[in-house]
Amino acid sequence: MKRSKVLTTTAVGAFAVMLAVTGCSSSKPDSSAGGSPASAAAATASAVTGSVAAPTKAGKDYNVAFIQGVAGDEFYITMQCGIEAEAAKLGVTVNTQGGQKFDPTLQTPILDSVVASKPDAILIAPTDVTAMQKPLANAAAAGIKVVLVDTTTEDPSFAVSQVSSDNQGGGAAAFTAIKDKNPKGGKVLVISTDPGISTVDARVKGFEDAVGQDSSFQYLGVQYSHNDPATAAQLVTAALQKDPDIVGIFATNIFSAEGSSTGVKQAGKSDQMTIVGFDAGPNQVKALKDGTVQALVAQQPATIGTDGLDQAIASLDGGTVTPKIQTGFTIITPENVDSSNAVYQSSC
């Protein structure tokens, strides 16, 4: 069985929307990227096709562990739902756990405990590119198949596969959403979590590269909230005091977007600001409908989980494994939010 994907970009209202048109999955190998210009009003359109091998049934009831980046986060809950649905189809057992914060000091003992239980495979979202390198390499050296989902490490060669969103492309699309609302240009800012997290680093780079190609915009840089909404709000309030004419903020994750919205509200700048958030949990969708966030870059966490489990089982069964897979994303706007199926789940 092959999973195939075509990725297209079209304009919805004032924003460019990335739509994944799929057969039974929306994933593609990373090496298949390509693109061509669509129009001045829309983001760069691209049509990307690829195929990823997927098993239909596991060779036996394997024991698989899924270690989330954060327990209770809708992104990882949605990923868990995809994994569990695929596990039921393949006939394998999955156990899920995660730390209360996105923190390697919390994730490492969880990983060590899981390794001690000797599962057949581990799906994990590493919480730091450096700190999780050795513990995960040790797990692989112990004979456990390791698949990295969402995030990665400095040297992921120990992993049988990596599955993540096209985060750099998502950052570029976030800039397009801001540009569409502010065609005359202006000052833009990024609020992120911490440096050293592969996914958000890629989103920042995608945004920075896109801004650098448009001289009508002035990039004010990235500020780090340590994944704390209150800190993000303080950073935005201070930034607006220094540069009251900021027109756009790209918030690289759920908590950055939440805090950015609060900071803009407190500064009384909601009317002039375009905030684009990454991820699409219930709180982010509410902020979009309330008008405090103007667009959301939604990932496909269920697909990341599904493809991650497929690659683990393919490796265990001696089948064809795709070493690196990237999934698509959708830009959710007020115009398409009610019809979008990209909103994350709070439970399975």
# chains A, B, ... in the order shown; residues from 1 in each chain; ligands from 1
>>> select_by_dssp(residues="stretch 244-317 of chain A", states="alpha helix (DSSP H)", output="ChimeraX atom specification")
/A:254-267,282-290,301-316
>>> residues_around(residues="A:Gly277", least_positions_apart="3", cutoff="8 Å", atoms="only C-alpha atoms", output="list in words")
Ala174, Phe250, Ala251, Thr252, Asn253, Ile254, Ser256, Ala257, Gln284, Val293, Ala295, Leu296 and Val297 of chain A
>>> closest_atom_pairs(of="stretch 245-348 of chain A", to="stretch 150-171 of chain A", cutoff="9 Å", atoms="only C-alpha atoms", output="CSV")
residue,atom,partner,partner_atom,distance
A:Phe250,CA,A:Gly171,CA,8.2
A:Thr252,CA,A:Gly171,CA,8.0
A:Phe278,CA,A:Gly170,CA,8.1
A:Val297,CA,A:Gly170,CA,6.6
A:Ala298,CA,A:Gly170,CA,8.7
A:Gln299,CA,A:Ser165,CA,6.4
A:Gln300,CA,A:Ser165,CA,7.3
A:Pro301,CA,A:Asp150,CA,8.0
A:Ile304,CA,A:Val163,CA,5.9
A:Gly305,CA,A:Val163,CA,8.1
A:Asp307,CA,A:Val163,CA,7.1
A:Gly308,CA,A:Val163,CA,6.0
A:Gln311,CA,A:Ser161,CA,6.5
A:Ala312,CA,A:Val160,CA,7.3
A:Ser315,CA,A:Val160,CA,7.1
A:Val321,CA,A:Ser161,CA,7.2
A:Thr322,CA,A:Ser161,CA,6.3
A:Pro323,CA,A:Ser161,CA,4.2
A:Lys324,CA,A:Gln162,CA,4.8
A:Ile325,CA,A:Val163,CA,4.7
A:Gln326,CA,A:Ser164,CA,5.1
A:Thr327,CA,A:Ser165,CA,4.6
A:Gly328,CA,A:Ser165,CA,6.0
A:Phe329,CA,A:Gly170,CA,7.1
A:Thr330,CA,A:Gly170,CA,8.7
A:Ile331,CA,A:Gly170,CA,8.7
>>> residues_around(residues="A:Lys265", least_positions_apart="2", cutoff="12 Å", atoms="only C-alpha atoms", output="number ranges by chain")
A: 233-234, 236-237, 240, 258-263, 267-273, 275, 287, 290-293
>>> select_by_dssp(residues="stretch 164-308 of chain A", states="strand (DSSP E or B)", output="PyMOL selection string")
chain A and resi 164-165+186-192+217-224+246-251+274-278+295-298
>>> closest_residue(among="A:Asp120, A:Asp228, A:Asp310, A:Asp112", to="A:Asp194", atoms="only C-alpha atoms")
A:Asp228
>>> residues_around(residues="A:Asn63", least_positions_apart="2", cutoff="8 Å", atoms="only C-alpha atoms", output="ChimeraX atom specification")
/A:61,65,92-95,119-121
>>> residues_around(residues="A:Val70", least_positions_apart="3", cutoff="10 Å", atoms="only C-alpha atoms", output="PyMOL selection string")
chain A and resi 67+73-77+97-103+106-107+125+127
>>> closest_residue(among="A:Ala116, A:Ile249, A:Ala142, A:Ile124", to="A:Asn182", atoms="only C-alpha atoms")
A:Ile249
>>> closest_residue(among="A:Phe66, A:Leu90, A:Val285, A:Ile191", to="A:Thr231", atoms="only C-alpha atoms")
A:Ile191
>>> atom_distance(atom1="atom CA of A:Gln294", atom2="atom CA of A:Pro229")
17.9 Å
>>> closest_residue(among="A:Val204, A:Leu111, A:Val211, A:Val52", to="A:Met132", atoms="only C-alpha atoms")
A:Leu111
>>> atom_distance(atom1="atom CA of A:Leu189", atom2="atom CA of A:Gln218")
8.8 Å
>>> closest_residue(among="A:Gly318, A:Gly186, A:Pro282, A:Pro126", to="A:Ser198", atoms="only C-alpha atoms")
A:Pro126
>>> residues_around(residues="A:Lys187", least_positions_apart="4", cutoff="8 Å", atoms="only C-alpha atoms", output="JSON, numbers by chain")
{"A": [217, 218, 219, 220, 245, 246, 247, 248]}
>>> write_last_selection(atoms="C-alpha atoms", output="compact mmCIF listing (two decimals), in the first residue's frame")
# COMPACT_ATOMS: atom_id res chain seq x y z
CA PHE A 217 8.93 44.91 5.56
CA GLN A 218 11.31 45.53 8.47
CA TYR A 219 12.15 42.45 10.53
CA LEU A 220 12.51 43.21 14.25
CA ASP A 245 3.80 50.79 14.53
CA ILE A 246 4.37 47.02 14.36
CA VAL A 247 1.89 45.58 11.84
CA GLY A 248 2.43 41.85 12.25
